[in-house]
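Chemist: Hey, dropping model04.csv in here, CSV, C-alpha atoms:
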chain,number,residue,atom,x,y,z
D,1,MET,CA,103.9,-16.2,39.1
D,2,THR,CA,105.9,-18.8,41.1
D,3,THR,CA,108.1,-18.5,44.2
D,4,ASP,CA,110.9,-21.0,45.0
D,5,LEU,CA,110.5,-22.4,48.5
D,6,ASP,CA,112.9,-24.5,50.6
D,7,ASP,CA,111.8,-27.6,52.6
D,8,ASP,CA,110.5,-25.5,55.5
D,9,GLY,CA,108.3,-23.5,53.1
D,10,ALA,CA,110.3,-20.3,53.3
D,11,SER,CA,111.6,-18.4,50.3
D,12,THR,CA,115.3,-18.6,49.6
D,13,ILE,CA,117.8,-16.1,48.1
D,14,GLN,CA,121.1,-17.4,46.7
D,15,LYS,CA,124.1,-15.2,47.1
D,16,GLY,CA,126.9,-15.0,44.5
D,17,SER,CA,129.9,-13.0,43.5
D,18,PRO,CA,129.6,-9.5,41.8
D,19,ASP,CA,130.6,-11.2,38.5
D,20,ASP,CA,127.8,-13.7,38.9
D,21,LEU,CA,125.3,-10.8,39.5
D,22,VAL,CA,126.4,-9.1,36.4
D,23,SER,CA,126.1,-12.2,34.3
D,24,SER,CA,122.8,-12.9,36.0
D,25,ASP,CA,121.5,-9.5,35.1
D,26,ASP,CA,122.6,-9.9,31.5
D,27,GLY,CA,120.9,-13.3,31.3
D,28,LEU,CA,117.7,-11.8,32.8
D,29,GLU,CA,117.6,-9.0,30.3
D,30,ALA,CA,118.2,-11.5,27.5
D,31,ARG,CA,115.3,-13.7,28.8
D,32,LEU,CA,113.0,-10.6,29.1
D,33,GLY,CA,113.9,-9.6,25.6
D,34,GLN,CA,113.2,-13.0,24.3
D,35,GLY,CA,109.8,-13.1,26.2
D,36,VAL,CA,108.8,-9.7,24.6
D,37,ARG,CA,109.8,-10.9,21.2
D,38,ARG,CA,107.9,-14.1,21.6
D,39,GLU,CA,104.8,-12.2,22.7
D,40,ARG,CA,105.1,-9.9,19.7
D,41,ASP,CA,105.7,-12.7,17.3
D,42,ALA,CA,102.6,-14.5,18.7
D,43,THR,CA,100.5,-11.3,18.2
D,44,HIS,CA,101.8,-10.9,14.7
D,45,ALA,CA,101.0,-14.5,13.9
D,46,ARG,CA,97.4,-14.1,15.1
D,47,LEU,CA,97.0,-11.0,12.9
D,48,VAL,CA,98.5,-12.8,9.9
D,49,ARG,CA,96.3,-15.9,10.6
D,50,ASN,CA,93.2,-13.7,10.7
D,51,ARG,CA,94.1,-12.0,7.4
D,52,ASN,CA,94.9,-15.2,5.7
D,53,THR,CA,91.5,-16.7,6.9
D,54,ALA,CA,89.7,-13.7,5.5
D,55,LEU,CA,91.6,-14.0,2.2
D,56,GLY,CA,90.8,-17.7,2.0
D,57,PHE,CA,87.1,-16.9,2.4
D,58,ALA,CA,87.3,-14.2,-0.2
D,59,LEU,CA,89.0,-16.6,-2.7
D,60,LEU,CA,86.3,-19.2,-2.0
D,61,GLY,CA,83.7,-16.6,-2.9
D,62,VAL,CA,85.4,-15.6,-6.1
D,63,ILE,CA,86.0,-19.1,-7.3
D,64,SER,CA,82.4,-20.1,-6.5
D,65,LEU,CA,81.1,-17.1,-8.4
D,66,ALA,CA,83.3,-17.9,-11.4
D,67,ALA,CA,82.3,-21.5,-11.3
D,68,GLY,CA,78.6,-20.6,-11.1
D,69,LEU,CA,78.9,-18.5,-14.2
D,70,ALA,CA,80.7,-21.3,-16.1
D,71,VAL,CA,78.6,-24.2,-14.9
D,72,PRO,CA,74.8,-23.6,-15.3
D,73,ASP,CA,73.8,-26.9,-13.7
D,74,GLY,CA,75.2,-26.1,-10.3
D,75,ARG,CA,74.8,-22.3,-10.5
D,76,GLN,CA,72.4,-22.0,-7.6
D,77,ILE,CA,74.6,-23.8,-5.1
D,78,LEU,CA,77.8,-22.1,-6.3
D,79,PHE,CA,76.2,-18.7,-6.0
D,80,VAL,CA,75.2,-19.5,-2.4
D,81,LEU,CA,78.8,-20.6,-1.7
D,82,ALA,CA,80.0,-17.3,-3.3
D,83,GLY,CA,77.8,-15.3,-1.0
D,84,VAL,CA,78.8,-17.3,2.1
D,85,GLY,CA,82.5,-16.8,1.2
D,86,GLY,CA,82.2,-13.1,0.7
D,87,PHE,CA,80.2,-12.6,3.9
D,88,ALA,CA,82.6,-14.7,5.9
D,89,ALA,CA,85.6,-12.7,4.5
D,90,VAL,CA,84.1,-9.4,5.4
D,91,LEU,CA,83.1,-10.6,8.9
D,92,THR,CA,86.5,-12.1,9.6
D,93,TYR,CA,88.4,-9.1,8.5
D,94,SER,CA,86.2,-6.6,10.3
D,95,LEU,CA,86.3,-8.5,13.6
D,96,ALA,CA,90.0,-9.2,13.5
D,97,PRO,CA,91.8,-6.6,15.7
D,98,GLY,CA,93.9,-4.2,13.8
D,99,ARG,CA,96.0,-3.3,16.8
D,100,VAL,CA,96.8,-5.4,19.9
D,101,ILE,CA,98.1,-3.9,23.1
D,102,GLU,CA,100.1,-6.4,25.1
D,103,ALA,CA,98.9,-7.1,28.7
D,104,ARG,CA,102.4,-6.2,29.9
D,105,ASP,CA,102.2,-2.7,28.5
D,106,GLY,CA,98.6,-2.1,29.7
D,107,ARG,CA,99.6,-3.2,33.2
D,108,ARG,CA,102.5,-0.7,33.2
D,109,VAL,CA,100.1,2.2,32.3
D,110,TYR,CA,97.7,1.2,35.0
D,111,GLU,CA,100.4,0.8,37.6
D,112,THR,CA,101.7,4.3,36.9
D,113,CYS,CA,98.2,5.9,37.1
D,114,ALA,CA,97.4,4.0,40.3
D,115,ALA,CA,100.6,5.0,41.9
D,116,ASN,CA,99.9,8.7,41.1
D,117,VAL,CA,96.4,8.7,42.4
D,118,ALA,CA,97.4,6.7,45.5
D,119,GLY,CA,100.1,9.3,46.2
D,120,LEU,CA,97.7,12.1,45.8
D,121,ALA,CA,95.3,10.4,48.3
D,122,ASP,CA,98.1,10.0,50.8
D,123,GLU,CA,99.1,13.6,50.5
D,124,ARG,CA,95.5,14.6,51.4
D,125,GLY,CA,95.5,12.4,54.4
D,126,SER,CA,93.0,10.0,53.0
D,127,THR,CA,92.1,6.8,54.9
D,128,ALA,CA,92.4,3.3,53.6
D,129,ASP,CA,88.7,3.1,53.0
D,130,ARG,CA,87.4,2.5,49.5
D,131,ARG,CA,83.7,3.0,48.9
D,132,TYR,CA,81.9,2.7,45.6
D,133,VAL,CA,78.7,4.8,45.7
D,134,PRO,CA,75.9,4.6,43.1
D,135,GLY,CA,74.7,7.9,41.8
D,136,THR,CA,71.3,9.2,40.8
D,137,GLY,CA,69.9,7.9,37.6
D,138,GLY,CA,71.5,4.5,38.1
D,139,GLY,CA,73.9,2.7,35.8
D,140,ALA,CA,77.6,2.0,36.0
D,141,ASP,CA,78.5,5.5,34.7
D,142,ALA,CA,77.0,7.1,37.8
D,143,VAL,CA,79.0,5.1,40.3
D,144,ARG,CA,81.9,7.0,42.0
D,145,LEU,CA,84.8,5.9,44.1
D,146,VAL,CA,84.8,7.9,47.4
D,147,VAL,CA,88.1,8.0,49.4
D,148,PRO,CA,87.4,9.9,52.6
D,149,THR,CA,89.9,11.9,54.6
D,150,GLY,CA,90.1,12.3,58.4
D,151,SER,CA,89.8,9.8,61.2
D,152,GLY,CA,86.1,8.8,60.8
D,153,GLY,CA,86.5,6.4,58.0
D,154,VAL,CA,83.8,4.3,56.3
D,155,GLY,CA,81.7,2.7,58.9
D,156,SER,CA,81.3,5.6,61.4
D,157,ASP,CA,77.9,7.3,61.6
D,158,THR,CA,79.3,10.6,60.2
D,159,ALA,CA,81.0,8.9,57.3
D,160,ASP,CA,77.9,6.8,56.5
D,161,THR,CA,75.7,9.9,56.3
D,162,ALA,CA,78.2,11.9,54.2
D,163,LEU,CA,79.0,9.0,51.8
D,164,GLY,CA,75.4,8.1,51.1
D,165,ASP,CA,75.6,10.3,48.0
D,166,GLY,CA,79.3,10.7,47.7
D,167,SER,CA,79.4,14.3,49.0
D,168,GLY,CA,79.4,16.3,52.2
D,169,ARG,CA,82.8,15.3,53.5
D,170,GLU,CA,86.4,16.2,52.5
D,171,GLY,CA,88.0,13.5,50.4
D,172,LEU,CA,88.5,12.3,46.8
D,173,VAL,CA,85.5,11.5,44.6
D,174,LEU,CA,86.8,9.7,41.5
D,175,GLU,CA,85.4,7.9,38.5
D,176,PRO,CA,86.3,4.2,39.0
D,177,THR,CA,88.3,2.1,36.6
D,178,GLY,CA,85.6,-0.6,36.6
D,179,ALA,CA,82.8,1.7,35.3
D,180,SER,CA,83.7,1.2,31.7
D,181,PHE,CA,83.8,-2.6,32.1
D,182,VAL,CA,80.5,-2.8,33.9
D,183,GLY,CA,79.0,-0.4,31.4
D,184,GLU,CA,80.0,-2.7,28.5
D,185,LEU,CA,78.6,-5.6,30.4
D,186,GLU,CA,75.3,-3.7,30.9
D,187,ARG,CA,75.1,-3.2,27.2
D,188,THR,CA,75.8,-6.8,26.5
D,189,LEU,CA,73.0,-7.9,28.9
D,190,GLY,CA,70.5,-5.5,27.4
D,191,GLY,CA,71.1,-2.6,29.7
D,192,GLU,CA,70.3,-4.1,33.1
D,193,LEU,CA,72.3,-6.2,35.6
D,194,ALA,CA,70.8,-8.7,38.0
D,195,THR,CA,69.6,-7.5,41.4
D,196,ARG,CA,70.1,-10.7,43.4
D,197,PRO,CA,73.7,-10.9,44.8
D,198,GLU,CA,74.3,-14.5,43.7
D,199,VAL,CA,73.3,-14.0,40.1
D,200,LEU,CA,75.0,-10.6,40.0
D,201,VAL,CA,78.3,-12.0,41.2
D,202,GLU,CA,78.1,-14.8,38.7
D,203,GLN,CA,77.6,-12.3,35.9
D,204,LEU,CA,80.6,-10.2,37.0
D,205,THR,CA,83.0,-13.1,37.6
D,206,THR,CA,82.1,-14.7,34.3
D,207,ALA,CA,82.7,-11.4,32.5
D,208,LEU,CA,86.1,-10.9,34.2
D,209,VAL,CA,87.3,-14.3,32.9
D,210,ASP,CA,85.6,-14.9,29.6
D,211,ARG,CA,84.7,-11.5,28.2
D,212,PHE,CA,87.4,-9.1,29.5
D,213,GLU,CA,90.1,-11.7,30.3
D,214,LEU,CA,91.2,-9.7,33.3
D,215,VAL,CA,91.8,-12.8,35.3
D,216,GLY,CA,92.4,-16.5,34.6
D,217,ARG,CA,90.1,-18.0,37.2
D,218,THR,CA,87.7,-16.9,40.0
D,219,GLU,CA,86.0,-18.6,42.9
D,220,SER,CA,83.3,-16.8,44.8
D,221,VAL,CA,81.4,-17.2,48.0
D,222,VAL,CA,78.3,-15.0,48.5
D,223,ASP,CA,76.7,-14.4,51.9
D,224,SER,CA,73.5,-12.3,51.2
D,225,ASP,CA,72.4,-12.4,54.8
D,226,SER,CA,75.5,-10.5,56.0
D,227,GLY,CA,75.9,-8.5,52.8
D,228,ARG,CA,79.3,-9.9,51.8
D,229,VAL,CA,81.0,-11.6,48.9
D,230,ASP,CA,84.5,-13.1,48.8
D,231,VAL,CA,86.0,-13.6,45.3
D,232,ALA,CA,89.3,-15.5,45.0
D,233,ILE,CA,91.3,-14.3,42.0
D,234,SER,CA,94.0,-16.1,40.0
D,235,ASP,CA,96.2,-14.9,37.1
D,236,SER,CA,95.4,-11.2,37.2
D,237,ALA,CA,96.4,-9.5,33.9
D,238,PHE,CA,97.1,-6.2,35.7
D,239,GLY,CA,99.2,-7.5,38.5
D,240,PRO,CA,98.6,-7.3,42.3
D,241,VAL,CA,94.9,-6.8,43.0
D,242,ASP,CA,95.4,-4.8,46.2
D,243,ARG,CA,96.6,-1.7,44.2
D,244,PHE,CA,94.5,1.5,44.1
D,245,ASP,CA,91.2,1.0,42.2
D,246,HIS,CA,92.4,-2.2,40.5
D,247,PRO,CA,90.4,-3.1,37.4
D,248,VAL,CA,89.3,-6.4,38.9
D,249,SER,CA,88.2,-5.2,42.4
D,250,SER,CA,86.8,-2.0,40.8
D,251,THR,CA,84.7,-4.0,38.3
D,252,LEU,CA,83.3,-6.2,41.1
D,253,ALA,CA,82.5,-3.2,43.3
D,254,VAL,CA,81.0,-1.1,40.6
D,255,GLY,CA,78.9,-4.0,39.4
D,256,LEU,CA,77.6,-4.7,42.9
D,257,ALA,CA,76.9,-1.0,43.5
D,258,THR,CA,75.0,-0.8,40.2
D,259,GLY,CA,72.9,-3.9,40.6
D,260,LEU,CA,72.2,-3.7,44.3
D,261,GLU,CA,71.9,0.2,44.2
D,262,ARG,CA,73.8,0.4,47.5
D,263,PRO,CA,77.3,1.7,48.5
D,264,VAL,CA,79.9,-1.1,48.4
D,265,ASP,CA,83.1,-1.2,50.5
D,266,VAL,CA,86.1,-3.1,49.0
D,267,ALA,CA,89.3,-4.7,50.4
D,268,ALA,CA,91.8,-6.9,48.6
D,269,THR,CA,94.3,-9.2,50.4
D,270,ALA,CA,96.8,-11.9,49.4
D,271,GLU,CA,95.2,-15.4,49.2
D,272,THR,CA,97.0,-18.7,49.1
D,273,GLU,CA,94.3,-21.4,49.5
D,274,ARG,CA,91.8,-20.6,46.7
D,275,GLY,CA,93.8,-18.2,44.5
D,276,GLU,CA,96.4,-15.5,44.5
D,277,TRP,CA,94.2,-12.7,45.8
D,278,LEU,CA,91.0,-12.4,47.7
D,279,VAL,CA,88.6,-9.5,47.0
D,280,THR,CA,86.0,-8.8,49.7
D,281,CYS,CA,83.0,-6.6,49.0
D,282,ARG,CA,80.5,-5.6,51.7
D,283,TRP,CA,77.3,-3.7,51.5
D,284,GLU,CA,74.5,-2.7,54.0
D,285,ARG,CA,71.3,-4.6,53.8
D,286,GLU,CA,68.0,-2.7,53.8
D,287,GLY,CA,66.8,-1.9,57.3
D,288,VAL,CA,70.0,-2.7,59.1
D,289,ARG,CA,70.7,0.8,60.3
D,290,GLU,CA,67.2,1.3,61.6
D,291,GLY,CA,67.3,-2.1,63.3
D,292,GLU,CA,64.5,-3.5,61.0
D,293,SER,CA,64.4,-7.1,60.1
D,294,GLU,CA,64.3,-8.3,56.5
For this file, write the structure as structure tokens.

Modeler:
Amino acid sequence: MTTDLDDDGASTIQKGSPDDLVSSDDGLEARLGQGVRRERDATHARLVRNRNTALGFALLGVISLAAGLAVPDGRQILFVLAGVGGFAAVLTYSLAPGRVIEARDGRRVYETCAANVAGLADERGSTADRRYVPGTGGGADAVRLVVPTGSGGVGSDTADTALGDGSGREGLVLEPTGASFVGELERTLGGELATRPEVLVEQLTTALVDRFELVGRTESVVDSDSGRVDVAISDSAFGPVDRFDHPVSSTLAVGLATGLERPVDVAATAETERGEWLVTCRWEREGVREGESE
């Protein structure tokens, strides 16, 4: 996403006549329609390419098998090629996605759900605090997003006591968006995330970029001594990261809560130096409340 700026660095808006506005709207709709068509054409091309690749491997297997039956001298090698071709065809066809959901459509669904839940939270007088609390038994599936109501907020003594297990105070207790992503990452890593913040953040940010493709680039700074991590986000597939329980911030918070086994507070703000958004996660170190040293 780009913004046109003038020489002073301020955004500019050009004014025009009503006729210009109408023609501009028509041009915008045409460009949007072309963009959607291009994206669908690219998706269709990928599917066709995958099917053609699978068909090519299958033909290689059939030809090698026929040649092996006809040419006894090279039968062993040709049969091996036939097996390789058949296996590659099955593997390519089975791994090729049968249905692809465009990022634009997925973002619209998420934005609608996020707006509905955020509206519900506002009606109940919920605060702006977002705390991801690990549950008993461990694992990403046990983490819950707790949105307290009232004036105490996350950080006060009363809120800390109540939110330790996600209960005991009025508010919303929700299943976070990032739970499914972190659960998939747990299964990929053999069922267990790292417990050191530096390694854990590396696992999560790498998964966001390479595995789930929720963002284009990340840059993280971990401060274990203060219990804080800042992650700069660029090219979010689901739009602004400061929305309610955004998949990116939710995945980071759920992953940290799961690996560290501690409640994690999250905030997302606009960032211009290192990326488009900055996600800040905080957690309490052991012994901090009691005044103990590490």

Chemist: One decimal, Å: what's the distance from CA of Glu213 in chain D over to CA of Gly137 in chain D, could you say?

Modeler: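 For CA of Glu213 in chain D relative to CA of Gly137 in chain D, the distance reads 29.1 Å.
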
Chemist: I'd like the interatomic distance between CA of Gln203 in chain D and CA of Val264 in chain D, to a tenth of an Å.

Modeler: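 Interatomic distance here is 16.9 Å.
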
Chemist: To one decimal in Å, tell me the separation between CA of Gly216 in chain D and CA of Arg131 in chain D.

Modeler: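 It comes out at 25.7 Å.
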
Chemist: Quick one: everything within 10 Å of Ala194 in chain D, counting all atoms listed in the file, minus sequence neighbours fewer than 2 positions away in the same chain. Send it as a ChimeraX atom specification.

Modeler: /D:186,189,192,196-204,255-256,258-260

Chemist: Choose the residue, out of D:Arg108, D:Arg262, D:Arg243, D:Arg282, that has the smallest atom-to-atom separation from Ala128 in chain D; count all atoms listed in the file.

Modeler: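 That would be D:Arg243, the residue with the smallest distance to Ala128 in chain D.
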
Chemist: Contacts of Leu185 in chain D at 12 Å or less, counting only C-alpha atoms, minus same-chain residues fewer than 2 places along, as a ChimeraX atom specification?

Modeler: /D:139-141,178-183,187-194,200,203-208,210-212,251-252,254-255,258-259

Chemist: What lies within 8 Å of Pro263 in chain D using only C-alpha atoms, ignoring chain neighbours under 3 positions off, as number ranges by chain?

Modeler: D: 131-134, 164, 257, 283-284
